[in-house]
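See below for structure33.txt, which holds compact mmCIF, C-alpha atoms.
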```
# COMPACT_ATOMS: atom_id res chain seq x y z
CA MET A 1 69.12 203.04 68.55
CA LEU A 2 69.58 205.04 65.38
CA ARG A 3 66.73 206.93 63.78
CA VAL A 4 66.05 207.44 60.06
CA PRO A 5 64.34 210.68 58.95
CA VAL A 6 60.97 210.27 57.26
CA LEU A 7 59.31 212.56 54.72
CA SER A 8 55.73 212.49 53.49
CA PRO A 9 55.01 212.19 49.74
CA ASP A 10 54.76 215.99 49.50
CA GLY A 11 58.10 216.50 51.33
CA LYS A 12 56.79 217.35 54.80
CA PRO A 13 59.14 216.08 57.57
CA LEU A 14 57.63 213.50 59.93
CA MET A 15 58.93 211.82 63.06
CA PRO A 16 62.03 209.64 62.42
CA THR A 17 61.68 205.87 62.49
CA LYS A 18 63.82 202.86 63.32
CA PRO A 19 66.14 201.45 60.62
CA SER A 20 64.37 198.08 60.71
CA ARG A 21 61.03 199.71 59.92
CA ALA A 22 62.61 201.84 57.19
CA ARG A 23 64.07 198.70 55.58
CA ARG A 24 60.67 197.03 55.71
CA TRP A 25 59.01 200.04 54.10
CA ILE A 26 61.54 200.05 51.28
CA ARG A 27 61.17 196.30 50.78
CA ASP A 28 57.36 196.52 50.59
CA GLY A 29 57.39 199.55 48.31
CA LEU A 30 55.90 201.87 50.92
CA ALA A 31 58.90 204.23 50.87
CA VAL A 32 61.90 205.19 48.76
CA GLY A 33 65.38 205.57 50.22
CA LYS A 34 67.29 208.77 49.43
CA TRP A 35 70.36 210.73 50.54
CA SER A 36 70.30 214.36 51.64
CA ASP A 37 72.92 217.04 50.99
CA LEU A 38 74.23 216.40 54.52
CA SER A 39 74.97 212.77 53.59
CA VAL A 40 72.11 211.57 55.81
CA PHE A 41 69.99 208.66 54.60
CA TYR A 42 66.22 209.20 54.77
CA VAL A 43 63.06 207.64 53.40
CA GLN A 44 60.17 209.31 51.62
CA LEU A 45 56.77 207.63 51.82
CA THR A 46 54.95 206.77 48.62
CA LYS A 47 51.49 207.09 50.21
CA GLN A 48 50.00 209.55 52.64
CA PRO A 49 50.51 208.42 56.27
CA SER A 50 47.61 207.75 58.62
CA GLY A 51 48.77 210.53 60.94
CA GLU A 52 51.22 213.42 60.98
CA ASP A 53 51.56 214.07 64.72
CA THR A 54 55.06 215.08 65.80
CA GLN A 55 56.99 215.47 69.05
CA SER A 56 59.46 218.14 70.14
CA ILE A 57 62.73 218.11 68.19
CA ALA A 58 65.32 220.81 68.87
CA VAL A 59 68.36 221.91 66.88
CA GLY A 60 71.30 223.36 68.80
CA VAL A 61 73.86 225.61 67.08
CA ASP A 62 77.12 226.55 68.82
CA PRO A 63 78.67 229.27 66.61
CA GLY A 64 82.37 229.98 66.43
CA LYS A 65 85.04 231.77 64.45
CA LEU A 66 86.72 228.76 62.82
CA TYR A 67 84.47 225.87 63.89
CA SER A 68 80.84 225.40 64.89
CA GLY A 69 78.90 222.55 66.45
CA VAL A 70 75.39 221.37 65.58
CA GLY A 71 73.18 218.83 67.35
CA VAL A 72 69.63 217.55 66.88
CA GLN A 73 67.82 215.92 69.80
CA SER A 74 64.39 214.58 70.64
CA ALA A 75 63.24 213.33 74.03
CA LYS A 76 64.07 209.71 73.20
CA ALA A 77 66.93 209.85 70.69
CA THR A 78 69.93 211.79 69.44
CA LEU A 79 69.27 212.35 65.75
CA PHE A 80 72.27 214.18 64.28
CA LEU A 81 75.66 215.68 65.18
CA ALA A 82 77.91 217.82 63.01
CA HIS A 83 81.26 219.60 63.17
CA LEU A 84 81.38 222.60 60.81
CA ILE A 85 84.70 223.86 59.44
CA LEU A 86 83.97 227.52 58.77
CA PRO A 87 85.47 229.40 55.77
CA PHE A 88 86.48 232.46 57.81
CA GLN A 89 90.23 232.46 57.11
CA THR A 90 89.86 231.37 53.49
CA VAL A 91 87.45 234.19 52.66
CA LYS A 92 89.54 236.73 54.57
CA ASP A 93 92.73 235.82 52.68
CA ARG A 94 91.01 235.96 49.32
CA MET A 95 89.43 239.33 50.02
CA GLU A 96 92.90 240.70 50.79
CA GLN A 97 94.22 239.19 47.57
CA ARG A 98 91.35 240.74 45.62
CA ARG A 99 92.10 244.13 47.14
CA MET A 100 95.75 243.92 46.05
CA MET A 101 94.83 242.92 42.51
CA ARG A 102 92.30 245.74 42.26
CA ARG A 103 94.84 248.32 43.43
CA GLY A 104 97.35 246.96 40.96
CA ARG A 105 94.93 247.36 38.06
CA ARG A 106 94.07 250.91 39.10
CA GLY A 107 97.75 251.78 39.42
CA ARG A 108 98.48 250.52 35.91
CA ARG A 109 95.53 252.43 34.49
CA ILE A 110 96.51 255.85 35.84
CA ASN A 111 98.88 257.98 33.74
CA ARG A 112 101.02 259.85 36.22
CA GLN A 113 102.66 261.96 33.51
CA VAL A 114 99.63 264.28 33.34
CA ASP A 115 98.20 266.65 35.92
CA TYR A 116 96.22 265.14 38.80
CA SER A 117 92.98 266.78 37.67
CA LYS A 118 93.28 265.07 34.27
CA ARG A 119 94.04 261.56 35.51
CA ALA A 120 91.56 258.69 35.18
CA HIS A 121 90.39 258.57 38.79
CA ARG A 122 86.90 257.12 38.83
CA GLN A 123 84.66 258.85 41.34
CA LYS A 124 82.25 256.90 43.53
CA ARG A 125 78.79 256.59 41.99
CA PHE A 126 76.88 256.19 45.25
CA ASN A 127 77.37 256.28 49.00
CA ASN A 128 79.10 252.96 49.65
CA ARG A 129 80.05 253.76 53.27
CA ARG A 130 76.79 252.95 55.02
CA GLN A 131 78.40 250.79 57.74
CA ASN A 132 75.52 248.32 57.82
CA LYS A 133 76.81 245.22 56.10
CA LEU A 134 78.46 242.09 57.43
CA PRO A 135 82.12 241.44 56.59
CA PRO A 136 82.34 238.76 53.88
CA SER A 137 84.24 236.32 56.11
CA ILE A 138 81.66 236.49 58.91
CA ARG A 139 78.77 236.35 56.45
CA ALA A 140 80.25 233.16 54.95
CA ASN A 141 80.45 231.63 58.45
CA ARG A 142 76.83 232.38 59.27
CA GLN A 143 75.61 231.27 55.84
CA LEU A 144 77.21 227.84 56.26
CA GLU A 145 75.48 227.43 59.64
CA LEU A 146 72.22 228.59 58.05
CA ARG A 147 72.62 226.11 55.18
CA VAL A 148 73.04 223.19 57.59
CA ALA A 149 70.10 224.33 59.73
CA THR A 150 67.94 224.63 56.60
CA GLU A 151 68.78 221.09 55.51
CA LEU A 152 68.00 219.77 59.00
CA CYS A 153 64.60 221.49 58.97
CA ARG A 154 63.88 219.70 55.70
CA LEU A 155 64.64 216.32 57.33
CA PHE A 156 63.16 216.71 60.82
CA PRO A 157 60.01 218.43 62.17
CA VAL A 158 62.04 221.00 64.13
CA SER A 159 60.05 222.74 66.86
CA LYS A 160 62.83 224.96 68.26
CA ILE A 161 66.31 226.21 67.28
CA VAL A 162 68.57 227.04 70.25
CA TYR A 163 71.43 229.39 69.37
CA GLU A 164 74.28 230.19 71.76
CA TYR A 165 74.48 233.95 72.22
CA VAL A 166 77.79 235.65 72.97
CA LYS A 167 77.67 238.78 75.11
CA ALA A 168 80.60 240.82 76.39
CA ASN A 169 81.11 244.24 77.88
CA GLY A 170 82.95 246.93 75.96
CA SER A 171 83.54 246.83 72.21
CA LYS A 172 81.10 244.62 70.31
CA SER A 173 83.55 244.06 67.45
CA PHE A 174 86.31 242.26 69.33
CA SER A 175 84.98 238.81 68.43
CA PRO A 176 83.86 237.62 64.97
CA VAL A 177 81.33 235.41 66.75
CA MET A 178 79.51 238.42 68.16
CA VAL A 179 79.30 240.26 64.83
CA GLY A 180 76.13 239.44 62.93
CA GLN A 181 74.34 237.56 65.72
CA LYS A 182 71.11 239.51 65.30
CA VAL A 183 71.16 239.00 61.54
CA MET A 184 71.67 235.27 62.04
CA LEU A 185 68.79 235.06 64.50
CA GLY A 186 66.57 236.76 61.93
CA TRP A 187 67.55 234.20 59.30
CA LEU A 188 66.92 231.27 61.63
CA SER A 189 63.54 232.62 62.74
CA LYS A 190 62.25 232.01 59.21
CA LEU A 191 62.89 228.28 59.70
CA ALA A 192 61.55 227.69 63.23
CA PRO A 193 61.11 229.49 66.57
CA VAL A 194 64.50 230.58 67.90
CA GLU A 195 65.75 230.74 71.47
CA THR A 196 69.10 232.06 72.67
CA GLN A 197 71.24 230.79 75.52
CA PHE A 198 74.46 232.00 77.11
CA GLY A 199 77.59 229.88 77.09
CA TYR A 200 77.81 229.26 80.84
CA LYS A 201 74.35 227.66 80.79
CA THR A 202 75.49 225.39 77.96
CA ALA A 203 78.53 224.34 79.98
CA ASN A 204 76.40 223.57 83.06
CA LEU A 205 73.97 221.43 81.09
CA ARG A 206 76.82 219.66 79.31
CA THR A 207 78.27 218.70 82.69
CA GLN A 208 74.86 217.57 83.93
CA LEU A 209 74.46 215.30 80.88
CA GLY A 210 77.91 213.80 81.39
CA LEU A 211 79.29 215.00 78.06
CA VAL A 212 83.03 215.58 77.83
CA LYS A 213 84.44 218.49 75.84
CA SER A 214 87.86 218.28 74.18
CA LYS A 215 90.44 221.04 74.55
CA ASP A 216 91.57 220.55 70.94
CA LYS A 217 89.24 222.90 69.06
CA SER A 218 90.44 221.76 65.62
CA ALA A 219 89.83 218.05 66.24
CA GLN A 220 87.19 216.65 63.91
CA THR A 221 85.46 214.78 66.71
CA PRO A 222 82.10 215.22 68.49
CA GLU A 223 83.89 216.24 71.69
CA SER A 224 85.34 219.42 70.15
CA HIS A 225 82.16 221.36 69.27
CA ALA A 226 79.27 219.01 68.47
CA VAL A 227 78.69 218.23 72.17
CA ASP A 228 77.92 221.91 72.74
CA GLY A 229 75.38 221.81 69.92
CA LEU A 230 73.87 218.71 71.50
CA ALA A 231 73.71 220.38 74.93
CA LEU A 232 71.97 223.39 73.38
CA ALA A 233 69.40 221.10 71.77
CA CYS A 234 68.86 219.27 75.06
CA SER A 235 68.23 222.58 76.83
CA GLU A 236 64.77 222.61 75.28
CA LEU A 237 63.98 219.30 77.03
CA VAL A 238 66.01 219.60 80.28
CA LYS A 239 65.82 222.85 82.23
CA TYR A 240 67.31 224.26 85.42
CA GLU A 241 64.25 225.70 87.16
CA GLN A 242 63.46 227.30 90.47
CA PHE A 243 61.39 225.48 93.09
CA HIS A 244 59.81 226.60 96.34
CA THR A 245 58.27 224.52 99.14
CA ALA A 246 57.11 225.25 102.65
CA ASN A 247 60.54 224.55 104.16
CA THR A 248 63.06 225.14 101.37
CA ARG A 249 63.66 226.70 98.01
CA GLY A 250 66.30 226.63 95.30
CA HIS A 251 66.90 225.32 91.78
CA THR A 252 66.80 221.82 90.33
CA TRP A 253 67.00 220.06 86.99
CA THR A 254 63.64 219.13 85.47
CA GLY A 255 62.78 217.05 82.42
CA SER A 256 64.53 214.06 80.88
CA VAL A 257 66.33 213.19 77.70
CA VAL A 258 67.90 210.01 76.30
CA LEU A 259 71.24 210.26 74.50
CA THR A 260 71.56 207.52 71.90
CA PRO A 261 74.01 206.61 69.10
CA SER A 262 73.89 209.11 66.27
CA VAL A 263 75.42 209.88 62.90
CA PHE A 264 78.28 212.39 62.94
CA ARG A 265 79.34 214.51 59.98
CA VAL A 266 82.22 216.91 59.33
CA ILE A 267 80.97 219.61 56.96
CA ARG A 268 82.78 222.38 55.12
CA ARG A 269 82.47 224.48 51.99
CA PRO A 270 84.66 223.51 49.04
CA PRO A 271 87.43 226.17 49.13
CA ILE A 272 87.07 227.05 45.46
CA SER A 273 88.46 230.37 44.25
CA ARG A 274 85.99 232.63 42.50
CA ARG A 275 86.66 233.47 38.88
CA GLN A 276 89.42 236.09 38.65
CA LEU A 277 90.42 238.15 35.68
CA HIS A 278 93.91 236.68 35.64
CA LEU A 279 96.86 235.68 37.77
CA MET A 280 98.61 238.36 39.79
CA VAL A 281 101.99 237.82 38.12
CA PRO A 282 102.16 237.69 34.28
CA ALA A 283 103.81 234.72 32.63
CA GLN A 284 106.52 234.90 29.98
CA GLY A 285 105.50 237.23 27.21
CA GLY A 286 103.19 239.24 29.43
CA ILE A 287 100.29 236.77 29.04
CA ARG A 288 98.22 235.95 32.09
CA ARG A 289 96.17 232.77 32.15
CA LYS A 290 92.74 232.58 33.77
CA TYR A 291 92.43 231.58 37.41
CA GLY A 292 89.56 230.37 39.57
CA GLY A 293 86.01 229.49 38.69
CA THR A 294 84.22 226.15 38.87
CA THR A 295 84.37 224.96 35.26
CA THR A 296 86.94 222.52 33.90
CA ARG A 297 87.85 221.32 30.44
CA HIS A 298 86.58 217.78 30.97
CA GLY A 299 82.81 218.09 31.61
CA VAL A 300 83.00 218.08 35.41
CA ARG A 301 82.87 221.04 37.77
CA LYS A 302 84.89 221.78 40.86
CA GLY A 303 83.13 220.34 43.89
CA ASP A 304 81.58 217.43 41.96
CA VAL A 305 81.83 214.00 43.58
CA VAL A 306 83.70 211.65 41.25
CA LYS A 307 85.17 208.18 41.16
CA ALA A 308 88.68 208.05 39.70
CA GLU A 309 90.98 205.14 38.86
CA MET A 310 94.76 205.00 38.81
CA ALA A 311 97.03 201.96 38.65
CA GLY A 312 94.14 199.61 39.34
CA ARG A 313 93.02 201.47 42.48
CA VAL A 314 89.73 203.36 42.74
CA TYR A 315 89.36 206.61 44.68
CA VAL A 316 86.28 208.67 45.55
CA GLY A 317 86.63 212.39 46.13
CA TRP A 318 85.81 215.91 45.00
CA VAL A 319 87.05 217.66 41.87
CA SER A 320 89.44 220.43 42.90
CA GLY A 321 91.17 221.43 39.64
CA ASP A 322 92.25 220.33 36.19
CA THR A 323 95.05 220.44 33.64
CA GLN A 324 94.92 219.97 29.88
CA LYS A 325 94.52 216.19 30.15
CA LYS A 326 93.97 215.42 33.84
CA VAL A 327 91.52 216.11 36.68
CA SER A 328 92.63 216.83 40.25
CA VAL A 329 90.67 214.94 42.93
CA SER A 330 90.81 215.85 46.63
CA ASP A 331 89.53 214.22 49.82
CA ALA A 332 87.12 215.67 52.40
CA ASN A 333 89.92 217.76 53.94
CA TRP A 334 90.64 219.20 50.47
CA LYS A 335 94.02 217.47 50.31
CA ARG A 336 94.74 216.35 46.78
CA ILE A 337 94.57 212.59 46.30
CA GLY A 338 96.13 212.81 42.85
CA GLN A 339 95.74 213.89 39.26
CA PHE A 340 93.82 211.39 37.18
CA THR A 341 93.40 210.97 33.45
CA ALA A 342 90.12 212.58 32.45
CA SER A 343 88.85 209.42 30.73
CA LYS A 344 89.18 207.50 34.02
CA VAL A 345 87.14 209.97 36.08
CA GLN A 346 83.43 209.14 36.49
CA LEU A 347 80.88 211.64 37.78
CA LEU A 348 78.86 210.40 40.78
CA ALA A 349 77.04 213.54 41.98
CA ARG A 350 76.98 217.19 41.07
CA ALA A 351 78.33 219.81 43.47
CA ASN A 352 75.88 221.07 46.10
CA GLY A 353 78.17 223.56 47.83
CA LEU A 354 79.08 221.21 50.69
CA VAL A 355 81.87 218.75 51.36
CA VAL A 356 80.61 216.18 53.87
CA SER A 357 82.88 213.62 55.47
CA ARG A 358 81.14 210.48 56.70
CA GLN A 359 82.38 209.50 60.16
CA PRO A 360 81.69 206.43 62.35
CA ILE A 361 78.58 206.56 64.50
CA VAL A 362 78.89 208.44 67.77
CA CYS A 363 77.92 206.27 70.73
CA PHE A 364 77.16 207.63 74.20
CA GLY A 365 77.68 204.44 76.19
CA ASP A 366 75.25 202.26 74.22
CA ILE A 367 76.12 199.36 71.94
CA VAL A 368 75.44 199.90 68.25
CA HIS A 369 73.76 197.01 66.47
CA THR A 370 74.62 196.73 62.78
CA ALA A 371 72.74 194.87 60.08
CA ASN A 372 73.98 193.31 56.87
CA THR A 373 71.17 194.78 54.79
CA SER A 374 72.55 197.22 52.22
CA VAL A 375 71.04 200.60 51.47
CA PRO A 376 70.79 202.58 48.21
CA PRO A 377 74.24 203.58 46.92
CA HIS A 378 75.60 206.77 48.38
CA PRO A 379 76.67 209.48 45.94
CA GLN A 380 80.16 209.44 47.44
CA GLY A 381 80.73 205.73 46.94
CA ASP A 382 79.37 202.22 47.02
CA ALA A 383 76.61 200.92 49.29
CA VAL A 384 77.41 201.26 52.96
CA SER A 385 76.14 199.40 55.99
CA TRP A 386 73.42 200.79 58.19
CA ARG A 387 76.08 201.52 60.81
CA PHE A 388 77.32 204.48 58.77
CA LEU A 389 73.97 206.06 57.96
```
Could you write out this structure as structure tokens?
Amino acid sequence: MLRVPVLSPDGKPLMPTKPSRARRWIRDGLAVGKWSDLSVFYVQLTKQPSGEDTQSIAVGVDPGKLYSGVGVQSAKATLFLAHLILPFQTVKDRMEQRRMMRRGRRGRRINRQVDYSKRAHRQKRFNNRRQNKLPPSIRANRQLELRVATELCRLFPVSKIVYEYVKANGSKSFSPVMVGQKVMLGWLSKLAPVETQFGYKTANLRTQLGLVKSKDKSAQTPESHAVDGLALACSELVKYEQFHTANTRGHTWTGSVVLTPSVFRVIRRPPISRRQLHLMVPAQGGIRRKYGGTTTRHGVRKGDVVKAEMAGRVYVGWVSGDTQKKVSVSDANWKRIGQFTASKVQLLARANGLVVSRQPIVCFGDIVHTANTSVPPHPQGDAVSWRFL
């Protein structure tokens, strides 16, 4: 059965509850329904609860170069699954473009008709070669994982974060996943106690739980990466431990966990270009128009969730650009749906730095029961059934 996150009146995360109880609380005025930045429905109590005891809830993070998997598990229920599309390649390409534009500006500024000693070569003002910073592409990857983990810690009383640690002999820079692991563990330790686990242990536990992993890494399904995040979370509750008796000794699995239907989300950053000085190639007359940034000419910002109408059909998506009279709206994969007249575009929710695609509920062999009771409208569209919470 699904579980709905619960917050106290002062925002402290409590143990999740059943949807039927959450509906009853909302009906009786004991709680208020809300939506988180991860597109997860939760309730916040209006009065202080009689008790605030919690059980063990673990968050598993399976980092990657292009995709990451996240899972949240308690002993009796699977609470959340996510597939993260990391901005590694996007940030890398734009850093290369920025480098070319910067070199072009410097080349145009220098007068090569004078002696080298008299040219306008700006000298470095400080030692900028300290070799202790993360590459921007890898930092963006880890920051997206950190953002999701932070939002989950605001929804659930997380007792442990399990992070898959990559270790290899030889050069430590061969894999973007290995770079910045210690920095990431330091960030996560500020949220909850952190534990690391090697990949082969994750694979063994995944097999023990009966979870199937897909070979298609780019598939936006739980089987591609989210199952690894779930296995990492379950490792806090199910362990492979050593035993010793009078006649024998060895290892065995201890503990138990129940895998239940859970919400599944595909999360990415909106691939918005930062504000640049101008385009790389000048237009006719030598004039270069502005490029990038989040502002538009129509009162909405890039990344805002909007509802747009065209030819009698209504679309819900994210603002991705604008022209003099129209607004470009894209779907969760950042593919443009169309360009809509600005007067027919209605703002639903301001940008929060995430693009979350709502997917059908993931079911591990159980039957999902749906109810006809509606919930508060979601920022991305109309009221949805409890099946898609």
Sort by chain and increasing residue number a table of all residues of segment 60-153 of chain A within 10 Å of segment 339-362 of chain A, each with its closest pair of atoms and their distance in Å to one decimal, counting all atoms listed in the file, and write it as a Markdown table.
```
| residue | atom | partner | partner_atom | distance |
| --- | --- | --- | --- | --- |
| A:Thr78 | CA | A:Val362 | CA | 9.7 |
| A:Phe80 | CA | A:Val362 | CA | 9.4 |
| A:Leu81 | CA | A:Val362 | CA | 8.3 |
| A:Ala82 | CA | A:Val356 | CA | 9.7 |
| A:His83 | CA | A:Ser357 | CA | 9.9 |
| A:Leu84 | CA | A:Val356 | CA | 9.5 |
| A:Ile85 | CA | A:Val355 | CA | 10.0 |
| A:Leu144 | CA | A:Leu354 | CA | 8.9 |
| A:Arg147 | CA | A:Leu354 | CA | 9.3 |
| A:Val148 | CA | A:Leu354 | CA | 9.4 |
```
* Structure fact -> The residue from A:Gln276, A:Gln55, A:Gln89, A:Ser320 with the smallest atom-to-atom distance to Arg288 of chain A, counting only C-alpha atoms, is A:Gln276
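Near Asp322 of chain A, within 8 Å and counting all atoms listed in the file, sit A:Thr296, A:Arg297, A:Val327, A:Ser328, A:Gln339; same-chain residues fewer than 5 positions away were not included.
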* To do: Find, counting all atoms listed in the file, the residue in A:Lys167, A:Arg3, A:Lys213, A:Lys239 that gets nearest to Val257 of chain A.
  => A:Lys239
* To do: May I have the protein, DNA and RNA residues with any atom at most 9 Å from the point (85.3, 224.6, 73.5), counting only C-alpha atoms, written as a PyMOL selection string?
  => chain A and resi 213-217+223-225+228
Include C-alpha atoms and write out the residues we just selected as a PDB file, in the coordinates of the input.
```
ATOM      1  CA  LYS A 213      84.440 218.490  75.840  1.00  0.00           C
ATOM      2  CA  SER A 214      87.860 218.280  74.180  1.00  0.00           C
ATOM      3  CA  LYS A 215      90.440 221.040  74.550  1.00  0.00           C
ATOM      4  CA  ASP A 216      91.570 220.550  70.940  1.00  0.00           C
ATOM      5  CA  LYS A 217      89.240 222.900  69.060  1.00  0.00           C
ATOM      6  CA  GLU A 223      83.890 216.240  71.690  1.00  0.00           C
ATOM      7  CA  SER A 224      85.340 219.420  70.150  1.00  0.00           C
ATOM      8  CA  HIS A 225      82.160 221.360  69.270  1.00  0.00           C
ATOM      9  CA  ASP A 228      77.920 221.910  72.740  1.00  0.00           C
TER      10      ASP A 228
END
```
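Separating atom CA of Pro176 of chain A from atom CA of Thr294 of chain A is a distance of 28.5 Å.
Of the residues listed (A:Asn169, A:Ser117, A:Thr202, A:Gln131), A:Thr202 shows the shortest atom-to-atom separation from Asp62 of chain A; distances use only C-alpha atoms.
You can rank A:Ser175, A:Ser74, A:Asn333, A:Ser8 by their closest distance to Arg268 of chain A using only C-alpha atoms, and at the top of that list sits A:Asn333.
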* What separation in Å, quoted to one decimal, exists between atom CA of Leu86 of chain A and atom CA of Tyr67 of chain A? -> 5.4 Å
* To do: Quick one: everything within 7 Å of Val61 of chain A, counting all atoms listed in the file, minus sequence neighbours fewer than 4 positions away in the same chain. Send it as a PyMOL selection string.
  => chain A and resi 69-71+162-164+229+232
Take the residues from that selection and put them in a file with C-alpha atoms, as an mmCIF file, keeping the file's coordinate frame.
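The result, stored in again_19.cif:
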```cif
data_model
loop_
_atom_site.group_PDB
_atom_site.id
_atom_site.type_symbol
_atom_site.label_atom_id
_atom_site.label_comp_id
_atom_site.auth_asym_id
_atom_site.auth_seq_id
_atom_site.Cartn_x
_atom_site.Cartn_y
_atom_site.Cartn_z
ATOM 1 C CA GLY A 69 78.900 222.550 66.450
ATOM 2 C CA VAL A 70 75.390 221.370 65.580
ATOM 3 C CA GLY A 71 73.180 218.830 67.350
ATOM 4 C CA VAL A 162 68.570 227.040 70.250
ATOM 5 C CA TYR A 163 71.430 229.390 69.370
ATOM 6 C CA GLU A 164 74.280 230.190 71.760
ATOM 7 C CA GLY A 229 75.380 221.810 69.920
ATOM 8 C CA LEU A 232 71.970 223.390 73.380
#
```
